Structures are given as structure tokens and as C-alpha cells.
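Undergrad: Data file model_37.cif (mmCIF, C-alpha atoms) is appended below.
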```cif
data_run
#
loop_
_atom_site.label_atom_id
_atom_site.label_comp_id
_atom_site.auth_asym_id
_atom_site.auth_seq_id
_atom_site.Cartn_x
_atom_site.Cartn_y
_atom_site.Cartn_z
CA MET C 1 77.41 13.85 4.61
CA LYS C 2 75.13 11.77 6.83
CA ASN C 3 78.00 11.08 9.20
CA GLU C 4 78.78 14.78 9.30
CA VAL C 5 75.19 15.56 10.39
CA GLU C 6 75.35 12.75 12.96
CA LEU C 7 78.60 14.02 14.39
CA ARG C 8 77.34 17.60 14.56
CA PHE C 9 74.17 16.38 16.27
CA LEU C 10 76.03 14.22 18.80
CA ASP C 11 78.54 16.96 19.62
CA ALA C 12 75.82 19.56 20.09
CA LEU C 13 73.81 17.10 22.17
CA GLU C 14 76.76 16.30 24.41
CA GLU C 15 77.31 20.00 24.96
CA ASN C 16 73.69 20.97 25.54
CA LYS C 17 72.01 17.87 27.00
CA GLY C 18 71.94 19.22 30.54
CA LYS C 19 70.49 22.55 29.47
CA LEU C 20 67.88 20.90 27.28
CA PHE C 21 66.85 18.56 30.08
CA ARG C 22 66.48 21.45 32.51
CA ILE C 23 64.23 23.29 30.04
CA CYS C 24 62.14 20.12 29.66
CA SER C 25 61.84 19.80 33.43
CA ILE C 26 60.29 23.27 33.61
CA TYR C 27 57.47 22.26 31.31
CA ALA C 28 57.00 18.73 32.68
CA LYS C 29 54.70 17.72 35.48
CA ASP C 30 57.17 15.32 37.10
CA GLU C 31 60.48 13.54 36.50
CA ASP C 32 59.07 10.85 34.21
CA ASP C 33 57.28 13.50 32.20
CA ALA C 34 60.56 15.41 31.86
CA LYS C 35 62.32 12.29 30.54
CA ASP C 36 59.56 11.69 27.96
CA LEU C 37 59.69 15.30 26.90
CA PHE C 38 63.49 15.23 26.63
CA GLN C 39 63.29 12.22 24.29
CA GLU C 40 60.63 13.92 22.19
CA VAL C 41 62.84 17.03 21.97
CA LEU C 42 65.78 14.93 20.76
CA VAL C 43 63.68 13.29 18.05
CA GLN C 44 62.44 16.64 16.78
CA ILE C 45 65.92 18.15 16.85
CA TRP C 46 67.24 15.17 14.89
CA LYS C 47 64.32 15.45 12.45
CA SER C 48 65.06 19.14 11.84
CA MET C 49 68.86 18.71 11.82
CA ASN C 50 69.10 18.76 8.02
CA THR C 51 67.35 22.12 7.87
CA PHE C 52 69.78 23.82 10.26
CA LYS C 53 71.41 26.50 8.14
CA GLY C 54 73.89 27.79 10.73
CA GLY C 55 72.26 31.24 10.92
CA SER C 56 72.66 31.07 14.70
CA ALA C 57 74.71 28.96 17.11
CA ILE C 58 73.55 25.35 17.13
CA GLY C 59 72.79 25.59 20.85
CA THR C 60 70.48 28.57 20.25
CA TRP C 61 68.75 26.68 17.47
CA MET C 62 68.33 23.61 19.71
CA PHE C 63 66.71 25.70 22.44
CA ARG C 64 64.31 27.17 19.91
CA VAL C 65 63.23 23.71 18.77
CA ALA C 66 63.07 22.49 22.39
CA LEU C 67 60.78 25.33 23.50
CA ASN C 68 58.40 24.76 20.61
CA VAL C 69 58.31 21.01 21.26
CA CYS C 70 57.65 21.68 24.97
CA LEU C 71 54.77 23.91 24.02
CA ARG C 72 53.30 21.28 21.69
CA PHE C 73 53.87 18.53 24.24
CA LYS C 74 51.99 20.55 26.82
CA SER C 75 48.95 21.03 24.65
CA LYS C 76 49.04 17.33 23.74
CA SER C 77 49.27 16.23 27.33
CA ASP C 78 46.35 18.54 28.11
CA LYS C 79 44.34 16.67 25.51
CA ASN C 80 45.63 13.25 26.64
CA GLN C 81 46.90 12.63 23.14
CA LYS C 82 50.49 11.78 23.84
CA ARG C 83 52.26 10.01 21.03
CA LEU C 84 55.65 9.61 22.57
CA ILE C 85 58.79 7.93 21.47
CA ARG C 86 60.90 5.76 23.76
CA LEU C 87 64.63 5.83 23.23
CA ASP C 88 66.27 3.04 25.21
CA SER C 89 69.73 4.35 24.48
CA ILE C 90 69.17 7.34 26.77
CA THR C 91 69.37 6.96 30.51
CA ILE C 92 68.81 9.73 32.99
CA GLN C 93 70.05 8.93 36.45
CA ASN C 94 68.90 11.00 39.32
CA LEU C 95 71.58 11.39 41.93
CA LYS C 96 69.66 13.36 44.47
CA ASN C 97 69.20 10.42 46.85
CA GLU C 98 71.90 11.87 49.03
CA GLU C 99 69.20 14.32 50.17
CA ASN C 100 71.69 16.74 51.58
CA ASN C 101 70.52 19.83 53.30
CA GLU C 102 72.99 22.17 51.76
CA PRO C 103 71.57 25.66 51.37
CA ASP C 104 72.03 25.43 47.58
CA THR C 105 69.87 22.32 47.34
CA GLN C 106 67.13 24.04 49.29
CA LYS C 107 67.44 27.10 47.09
CA LEU C 108 67.31 24.96 43.98
CA LYS C 109 64.14 23.27 45.19
CA ALA C 110 62.64 26.67 45.97
CA LEU C 111 63.74 28.03 42.58
CA ARG C 112 62.18 25.09 40.73
CA SER C 113 59.00 25.40 42.69
CA CYS C 114 58.81 29.16 42.00
CA ILE C 115 59.39 28.63 38.27
CA LYS C 116 56.61 26.02 38.16
CA LYS C 117 54.23 28.64 39.55
CA MET C 118 55.09 31.15 36.84
CA LYS C 119 53.06 31.84 33.73
CA GLU C 120 53.95 29.74 30.67
CA ALA C 121 55.40 32.64 28.70
CA ASP C 122 57.57 33.73 31.62
CA LYS C 123 58.83 30.15 32.03
CA ALA C 124 60.33 30.30 28.54
CA VAL C 125 62.11 33.57 29.29
CA VAL C 126 63.42 32.47 32.66
CA ALA C 127 64.60 29.09 31.35
CA LEU C 128 66.81 30.77 28.77
CA TYR C 129 68.02 33.42 31.18
CA LEU C 130 69.01 30.86 33.81
CA GLU C 131 70.98 28.93 31.21
CA GLY C 132 73.16 32.01 31.03
CA MET C 133 72.18 33.09 27.55
CA ALA C 134 72.76 36.63 26.33
CA TYR C 135 69.75 38.92 25.77
CA ARG C 136 70.48 38.89 22.04
CA GLU C 137 70.28 35.10 21.94
CA ILE C 138 67.10 35.04 24.03
CA SER C 139 65.47 37.62 21.77
CA ASN C 140 66.53 35.52 18.78
CA ILE C 141 64.83 32.44 20.21
CA LEU C 142 61.67 34.12 21.45
CA GLY C 143 61.13 36.56 18.61
CA LEU C 144 61.08 39.60 20.92
CA SER C 145 63.30 42.68 20.87
CA GLU C 146 66.36 42.78 23.14
CA ASN C 147 64.91 45.68 25.14
CA HIS C 148 61.69 43.80 25.63
CA VAL C 149 63.62 40.76 26.86
CA ALA C 150 65.69 42.90 29.25
CA VAL C 151 62.58 44.48 30.78
CA LYS C 152 60.87 41.10 31.15
CA ILE C 153 63.92 39.51 32.77
CA LYS C 154 64.28 42.36 35.23
CA ARG C 155 60.65 41.93 36.29
CA ILE C 156 60.92 38.12 36.46
CA LYS C 157 64.13 38.24 38.53
CA ILE C 158 62.45 40.39 41.17
CA LYS C 159 59.49 38.01 41.26
CA LEU C 160 61.76 34.98 41.53
CA SER C 161 63.93 36.44 44.27
CA ASN C 162 60.87 37.40 46.32
CA CYS C 163 59.35 33.97 45.84
CA ILE C 164 62.55 32.16 46.87
CA ASN C 165 63.06 34.36 49.91
CA GLU C 166 59.50 33.64 51.00
CA MET C 167 60.03 29.90 50.66
CA ILE C 168 63.35 29.62 52.47
CA MET W 1 69.37 37.61 45.60
CA MET W 2 72.19 38.37 43.17
CA ASN W 3 71.66 37.72 39.46
CA ASP W 4 74.57 35.35 39.17
CA GLU W 5 73.43 33.43 42.19
CA LEU W 6 70.12 32.50 40.57
CA ILE W 7 71.99 31.24 37.52
CA ARG W 8 74.50 29.32 39.63
CA ILE W 9 71.76 27.64 41.68
CA TRP W 10 69.85 26.72 38.55
CA GLN W 11 72.84 25.27 36.78
CA SER W 12 73.82 23.22 39.84
CA ALA W 13 70.82 21.04 38.94
CA SER W 14 73.00 19.34 36.36
CA ASN W 15 74.87 17.75 39.26
CA GLU W 16 71.69 15.87 40.12
CA ASP W 17 70.76 14.55 36.73
CA ARG W 18 73.26 12.48 34.81
CA ILE W 19 72.23 12.03 31.21
CA LYS W 20 73.97 9.28 29.31
CA PHE W 21 73.40 7.95 25.85
CA LYS W 22 74.90 5.19 23.72
CA LYS W 23 75.81 7.03 20.56
CA SER W 24 75.43 4.27 17.98
CA LYS W 25 72.17 2.97 19.43
CA LEU W 26 70.76 6.47 19.75
CA MET W 27 71.33 7.17 16.05
CA ILE W 28 69.60 3.93 15.02
CA GLU W 29 66.64 4.70 17.28
CA LEU W 30 66.35 8.26 16.00
CA GLN W 31 66.41 7.11 12.38
CA SER W 32 63.77 4.51 13.09
CA SER W 33 61.50 6.87 15.05
CA PHE W 34 61.74 9.42 12.26
CA GLY W 35 60.71 6.72 9.81
CA ARG W 36 57.83 5.78 12.08
CA LEU W 37 56.53 9.36 12.23
CA HIS W 38 56.92 9.71 8.51
CA ARG W 39 55.03 6.46 7.87
CA TRP W 40 52.26 7.42 10.27
CA TRP W 41 51.74 10.72 8.47
CA LYS W 42 51.75 8.99 5.08
CA TYR W 43 49.21 6.49 6.38
CA LEU W 44 46.84 9.26 7.41
CA GLU W 45 47.10 10.92 4.02
CA LEU W 46 46.56 7.57 2.32
CA VAL W 47 43.41 6.80 4.33
CA GLU W 48 41.95 10.18 3.42
CA MET W 49 42.79 9.86 -0.24
CA VAL W 50 41.45 6.30 -0.48
CA SER W 51 38.17 7.17 1.29
CA LEU W 52 37.63 10.12 -0.99
CA SER W 53 38.53 8.15 -4.10
CA ILE W 54 36.11 5.34 -3.18
CA CYS W 55 33.38 7.92 -2.65
CA ILE W 56 34.05 9.66 -5.94
CA ILE W 57 34.37 6.41 -7.93
CA SER W 58 31.17 4.98 -6.43
CA PHE W 59 29.12 8.06 -7.18
CA THR W 60 30.64 8.44 -10.63
CA PHE W 61 29.54 4.88 -11.32
CA ILE W 62 26.03 5.62 -9.99
CA THR W 63 25.88 8.80 -12.07
CA PHE W 64 26.34 6.81 -15.27
CA TRP W 65 24.38 3.68 -14.41
CA ALA W 66 21.47 4.83 -12.26
CA PRO W 67 18.13 4.76 -14.11
CA PHE W 68 16.73 7.88 -12.46
CA ILE W 69 17.73 11.44 -13.32
CA THR W 70 17.41 12.67 -9.69
CA VAL W 71 19.81 9.93 -8.54
CA LYS W 72 22.28 11.04 -11.20
CA ILE W 73 22.04 14.69 -10.10
CA ALA W 74 22.39 13.73 -6.41
CA SER W 75 25.45 11.59 -7.20
CA VAL W 76 27.14 14.50 -8.95
CA LEU W 77 26.34 16.66 -5.94
CA PHE W 78 27.84 13.98 -3.64
CA ILE W 79 31.05 14.07 -5.68
CA PHE W 80 31.30 17.87 -5.37
CA PHE W 81 30.43 17.55 -1.69
CA SER W 82 33.30 15.07 -1.10
CA ILE W 83 35.79 17.24 -2.97
CA HIS W 84 34.67 20.26 -0.97
CA ILE W 85 35.25 18.43 2.34
CA LEU W 86 38.70 17.29 1.27
CA TYR W 87 39.58 20.81 0.17
CA LYS W 88 38.58 22.19 3.58
CA LEU W 89 40.67 19.55 5.40
CA VAL W 90 43.73 20.09 3.20
CA ARG W 91 43.50 23.86 3.71
CA ILE W 92 43.47 23.39 7.49
CA LYS W 93 46.39 20.94 7.31
CA LYS W 94 48.50 23.59 5.61
CA LEU W 95 48.13 25.84 8.66
CA LYS W 96 49.52 23.22 11.05
CA PRO W 97 52.67 24.62 12.70
CA SER W 98 55.28 22.01 11.90
CA ASP W 99 58.24 24.35 11.79
CA PHE W 100 59.92 23.88 15.15
CA GLU W 101 62.64 26.32 14.17
CA ALA W 102 60.36 29.35 14.21
CA HIS W 103 60.63 31.96 16.97
CA TYR W 104 58.68 31.01 20.05
CA LEU W 105 56.30 33.94 19.56
CA GLU W 106 55.86 33.14 15.88
CA TYR W 107 55.22 29.49 16.74
CA LEU W 108 52.60 30.51 19.30
CA LYS W 109 50.86 32.72 16.74
CA LYS W 110 50.89 29.93 14.16
CA THR W 111 49.48 27.56 16.77
CA ARG W 112 46.71 30.05 17.53
CA ASP W 113 45.85 30.42 13.84
CA TYR W 114 45.74 26.64 13.45
CA LEU W 115 43.55 26.18 16.53
CA ASN W 116 41.22 28.96 15.39
CA ALA W 117 40.93 27.37 11.96
CA GLN W 118 40.19 23.98 13.54
CA ARG W 119 37.65 25.59 15.82
CA GLY W 120 35.97 27.33 12.89
CA LEU W 121 35.83 24.08 11.00
CA LEU W 122 34.22 22.21 13.89
CA ALA W 123 31.83 25.02 14.81
CA THR W 124 30.54 25.44 11.26
CA ALA W 125 30.53 21.74 10.29
CA ILE W 126 26.75 21.70 10.64
CA TYR W 127 26.45 24.13 7.70
CA TRP W 128 28.89 22.51 5.30
CA VAL W 129 28.79 18.83 6.28
CA VAL W 130 25.56 17.97 8.09
CA LEU W 131 22.86 20.17 6.53
CA PRO W 132 23.87 19.87 2.84
CA ILE W 133 23.70 16.07 3.09
CA TYR W 134 19.91 15.99 3.67
CA PRO W 135 18.69 17.73 0.49
CA ILE W 136 21.16 15.62 -1.51
CA LEU W 137 19.88 12.46 0.18
CA LEU W 138 16.26 13.56 -0.48
CA LEU W 139 17.11 14.08 -4.12
CA PHE W 140 18.91 10.74 -4.23
CA PHE W 141 15.91 8.85 -2.85
CA ALA W 142 13.13 10.91 -4.48
CA GLU W 143 12.51 8.64 -7.45
CA LEU W 144 13.56 5.46 -5.61
CA TRP W 145 10.55 6.08 -3.33
CA GLN W 146 8.37 4.86 -6.19
CA LEU W 147 9.75 1.37 -5.59
CA PRO W 148 7.81 0.03 -2.56
CA LYS W 149 10.49 -2.58 -1.79
CA LYS W 150 13.10 0.12 -1.26
CA ARG W 151 11.02 2.34 1.02
CA HIS W 152 12.02 0.77 4.35
CA LEU W 153 15.67 1.03 3.29
CA ILE W 154 15.22 4.72 2.43
CA VAL W 155 13.54 5.44 5.77
CA ILE W 156 16.29 3.62 7.72
CA THR W 157 19.05 5.41 5.79
CA PHE W 158 17.42 8.78 6.34
CA LEU W 159 16.86 8.20 10.06
CA LEU W 160 20.44 7.03 10.39
CA ALA W 161 21.67 10.15 8.59
CA ILE W 162 19.61 12.39 10.86
CA GLY W 163 20.85 10.55 13.96
CA MET W 164 24.47 10.84 12.85
CA GLY W 165 23.99 14.51 12.01
CA VAL W 166 22.56 15.31 15.44
CA TYR W 167 25.29 13.25 17.15
CA GLY W 168 27.99 14.97 15.06
CA TYR W 169 26.57 18.40 15.82
CA PHE W 170 26.63 17.87 19.59
CA LEU W 171 30.00 16.11 19.48
CA ASN W 172 31.55 19.05 17.63
CA LYS W 173 29.92 21.50 19.98
CA LYS W 174 31.39 19.61 22.93
CA ARG W 175 34.84 19.46 21.29
CA VAL W 176 34.81 23.21 20.65
CA LYS W 177 33.78 23.98 24.22
CA LYS W 178 35.93 21.44 26.08
CA GLU W 179 39.01 21.14 23.88
CA MET W 180 39.40 24.03 21.46
CA ASP W 181 38.25 27.06 23.46
CA PRO W 182 40.43 26.43 26.54
CA ARG W 183 43.50 25.78 24.38
CA ILE W 184 42.93 28.93 22.30
CA ALA W 185 42.46 30.95 25.49
CA LYS W 186 45.69 29.48 26.88
CA VAL W 187 47.71 30.30 23.76
CA ASP W 188 46.16 33.78 23.62
CA GLU W 189 47.16 34.32 27.22
CA MET W 190 50.73 33.19 26.49
CA ILE W 191 51.06 35.51 23.49
CA GLU W 192 49.67 38.41 25.48
CA GLU W 193 52.02 37.62 28.37
CA LEU W 194 55.05 37.37 26.11
CA GLU W 195 54.29 40.61 24.28
CA ARG W 196 53.67 42.47 27.50
CA SER W 197 56.78 43.92 29.13
#
```
Just dump the structure as C-alpha cells.

TA:
Amino acid sequence: MKNEVELRFLDALEENKGKLFRICSIYAKDEDDAKDLFQEVLVQIWKSMNTFKGGSAIGTWMFRVALNVCLRFKSKSDKNQKRLIRLDSITIQNLKNEENNEPDTQKLKALRSCIKKMKEADKAVVALYLEGMAYREISNILGLSENHVAVKIKRIKIKLSNCINEMI
Amino acid sequence: MMNDELIRIWQSASNEDRIKFKKSKLMIELQSSFGRLHRWWKYLELVEMVSLSICIISFTFITFWAPFITVKIASVLFIFFSIHILYKLVRIKKLKPSDFEAHYLEYLKKTRDYLNAQRGLLATAIYWVVLPIYPILLLFFAELWQLPKKRHLIVITFLLAIGMGVYGYFLNKKRVKKEMDPRIAKVDEMIEELERS
């Protein structure tokens, strides 16, 4: 039973680690902060793993936990009350030292910078949208109606596009 | 910019960050960190329970063995006072949003409720922690005042209690203003932003 939970956790983690890390990076101040937050997210996901009932896809469930942990982490870091966990088994290598000037890299930088400027609530919506999730899944995670999500995304996309165009 | 393009650019970030983990070691670390969190929480509960128990046992003892009736009455009041404080703290603890699986909006609302409850507790602590202590202390020392040898001790204790009360009042006021109010405003703003189309 325990092995089953472990396997399910590891499989889901392998599949979603990149997405989870990108969500963490939205809420983090810098790279180190994002790594700390990612580790905290993993601990909380593992802690809640036994309570996952399978009502939604495991990825959707993981995003829900991740967003709530990011929110809590943010309020903790505001209060300087971090109580973080270090997991030595996780390494995050940054391969951007090539510093290429490809248009996509510039756009990515601009996109990240624009997202950082957004309001906290919009960050959650845009993070899920950019991960390619369906409106139904996003509404399931955020607790909003699908229509509401669609309207918000439409507004955010316009804002993002304008912001990126201004920066490039 | 096309919709798909935004998504494609965003997802290309995964080419920059390579996340690796050693499976077996990760599981051991996760188990151990979970145990650590669990132990820490238990420790907090234990400290609270022990402090309260010591307080109740001490004043129960005084209630039965003290020679003066006012000391007995004050001790009983101290016991009720301690139980009342614990009750308030436990009630607040129940509001703490620990369910990470809730909807984001629901989690935000739970966080707001918890922060508001904490704020209320801090803002009103003067009425249910600081002020009730003085009449009980007065009652406790009323008959002991007749013993000249104890007078300096009574004066020092009372001054200390007043000093701590004033310090606590201003500390709580500062906490509400600097820590609670900005966080509540921030969560309120996020809820409003999320609910707005």
C-alpha cells in the first residue's frame, strides 16, 4: 500500500515537476526562493498524498496544493517566518548560461517579467492557463465558474500581450 | 500575440531548468520531514497543555491549602481564567487553514477568516487577558497585605504585572498594525481580484 502511494507520487512528480517548478517560480522572488518553494510544495504534496481520493486528475490536484502552498509561503516570507525543508535529493540545474539571444528567450524573459508585475490572483490564473490546462480544470482548482475563468483569461491575455510587446 | 504562442514560450522554460531527484533518497527525506513537522506540532501542543496543567495544579493546590479565603477565591478565578485562555487559543487553532486541497478561492477565504480571528484575539487581548488579571491579583494579595514581610513582594509582583500588561498591550497593537492588517488587506485584495471578472 505504502509502495503504491510512493509509486503514484513519483510518477506524478516525474510528469509534473517542470510545471510545478514554473508555478513556484511565479511566486518566488528569485531562483533560490523558487527552489525552496518547490521543495516545500513537494513536502506538502507528499503529506497530503494519502488523502487524494482521485476525484480529479492527480496533476490537477497537485496544482491545487502547489498554489495554496505558494500562497502560504508568500505570507510567511512576508513575515520572515520561513520554516523551510531542505531536500538534498533534489537538484535543479539552470542551463541558461548559454545566454542565447534567440527571440524566444527574450520573449520568455519578457513574459516572466510581465507575470511578476501582475496581481497575485491573476498570477494563479495565468500560471494554470500557460501550463495548457483546460478552463474546466482551472475552474476546478481555483473554485471559480468556467465562464468566470474564460473572461479572466481573455482579459489577462490582452494585458500580457501588450506588456510583452512593450518590452520587446 | 497568438494564444498558443504565449503557452509555447512559457513552456520552453522547462528547457532551462533541469530538475532531477534521486527517488529512494527523496522518499526517505520526505518521510523524515513529515515526521519532523508532525513532531514540531505535537511539541507545541504539549508545551501549551503542560503550562496550563501546571497553572491549574498550582492554583488548585493553593485553593485547598491557602489560609485566606480571598486567596482561595482568587485561585479559583485563576483556574477559570487559564481554562478560558486555552479555550480561546484552541478555537482559533481550529480555524487554521491546513487543507491544501481546497479550492484556491476557498483557501483564501479560510486564510482571511483565520487572520481575522487572530487579529480579533490580539486586538481584544487587553480585555480578556490583561485587565481581568489585576482584580484577581488584588483579591489574591488582599489578605496577604496584612503580613508586613510580604508587602514588598506584593508591590513588586503588582508592578511587574502592570509593566507586562502595558508591554503586552503595545506589542499586540504593533502586531495588529504591522503584521495582521497588511496581510488581511492583501488577502482581501486577492479575493476581490479573483472574484472580479

Undergrad: Would you please work out which residue, of W:Leu115, W:Ala123, W:Ile133, W:Leu95, is nearest to chain C when using only C-alpha atoms?

TA: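 Looking only at the distances to chain C, the closest residue turns out to be W:Leu115.
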
Undergrad: Name the residues that the PyMOL selection byres ((chain W and resi 66-82) around 8) pulls out of this structure, and write them as a list in words.

TA: Leu52, Cys55, Ile56, Phe59, Thr60, Ile62, Thr63, Phe64, Trp65, Ile83, His84, Ile85, Leu86, Ile136, Leu137, Leu139, Phe140, Phe141, Ala142, Glu143 and Leu144 of chain W

Undergrad: Give me the result of the PyMOL selection byres ((chain C and resi 151) around 12) on this file, residue by residue, as a PyMOL selection string.

TA: (chain C and resi 122+125+135+139+144-150+152-158) or (chain W and resi 194-197)

Undergrad: Take the PyMOL selection byres ((chain W and resi 99-106) around 9), apply it to the structure above, and return the hits as an NGL selection string.

TA: (:C and (44-45 or 48 or 51-52 or 61-62 or 64-69 or 124 or 139-144)) or (:W and (96-98 or 107-111 or 190-191 or 194-195))

Undergrad: Of the candidates C:Glu15, C:Glu31, C:Glu131, C:Asp36, which one gets nearest to chain W if we count only C-alpha atoms?

TA: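 Among C:Glu15, C:Glu31, C:Glu131, C:Asp36, it is C:Glu131 that comes nearest to chain W.
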
Undergrad: Which residue out of W:Met180, W:Ile154, W:Val90, W:Ile7 has the minimum interatomic distance to chain C when only C-alpha atoms are used?

TA: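 Once distances to chain C are computed over only C-alpha atoms, the minimum belongs to W:Ile7.
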
Undergrad: At what distance in Å, to one decimal, does atom CA of Arg22 of chain C lie from atom CA of Ala57 of chain C?

TA: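 Interatomic distance, atom CA of Ala57 of chain C to atom CA of Arg22 of chain C: 19.0 Å.
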
Undergrad: Select, from W:Leu147, W:Ala125, W:Leu30, W:Val155, the residue with the minimum atom-to-atom distance to Leu89 of chain W, counting all atoms listed in the file.

TA: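 Using all atoms listed in the file, Leu89 of chain W sits closest to W:Ala125.
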
Undergrad: Between C:Lys159, C:Lys29, C:Lys35, C:Lys47, which has the minimum distance to chain W (counting only C-alpha atoms)?

TA: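 So, comparing all the options, the nearest one is C:Lys47.
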
Undergrad: I want to know what sits within 9 Å of Ile126 of chain W, based on only C-alpha atoms, with residues of the same chain fewer than 6 positions away left out; could you give that as a ChimeraX atom specification?

TA: /W:132,165,168-169,172

Undergrad: Please produce an output containing C-alpha atoms for each residue in the selection, written as a tab-separated table (two decimals), in the coordinates of the input.

TA:
```tsv
chain	number	residue	atom	x	y	z
W	132	PRO	CA	23.87	19.87	2.84
W	165	GLY	CA	23.99	14.51	12.01
W	168	GLY	CA	27.99	14.97	15.06
W	169	TYR	CA	26.57	18.40	15.82
W	172	ASN	CA	31.55	19.05	17.63
```

Undergrad: Could you state the separation of atom CA of Thr124 of chain W and atom CA of Phe170 of chain W in Å, given to one decimal place?

TA: 11.9 Å

Undergrad: Report the distance between atom CA of Glu40 of chain C and atom CA of Cys70 of chain C in Å, rounded to one decimal place.

TA: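 Atom CA of Cys70 of chain C lies at a distance of 8.8 Å from atom CA of Glu40 of chain C.
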
Undergrad: Find the residue from C:Val126, C:Ile138, C:Leu13, C:Met167 that sits nearest to Trp10 of chain W; use all atoms listed in the file when measuring.

TA: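 The answer is C:Val126, which sits nearest to Trp10 of chain W.
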
Undergrad: Segment 83-103 of chain W from the block above, C-alpha atoms, as a compact mmCIF listing (two decimals), in the first residue's frame, please?

TA:
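Ended up saving to part-v6.txt:
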```txt
# COMPACT_ATOMS: atom_id res chain seq x y z
CA ILE W 83 -9.10 27.50 31.02
CA HIS W 84 -10.72 30.46 29.28
CA ILE W 85 -7.40 31.42 27.60
CA LEU W 86 -6.79 27.86 26.44
CA TYR W 87 -10.33 27.65 25.07
CA LYS W 88 -9.80 30.84 23.05
CA LEU W 89 -6.48 29.55 21.63
CA VAL W 90 -7.91 26.14 20.73
CA ARG W 91 -10.89 27.78 19.00
CA ILE W 92 -8.53 29.90 16.87
CA LYS W 93 -6.37 26.87 16.06
CA LYS W 94 -9.40 25.11 14.60
CA LEU W 95 -9.76 27.89 12.03
CA LYS W 96 -6.22 27.46 10.71
CA PRO W 97 -6.39 26.53 7.01
CA SER W 98 -4.43 23.30 6.85
CA ASP W 99 -6.32 21.77 3.97
CA PHE W 100 -4.09 22.37 0.97
CA GLU W 101 -6.53 20.52 -1.25
CA ALA W 102 -9.22 23.18 -1.02
CA HIS W 103 -10.01 25.42 -3.99
```
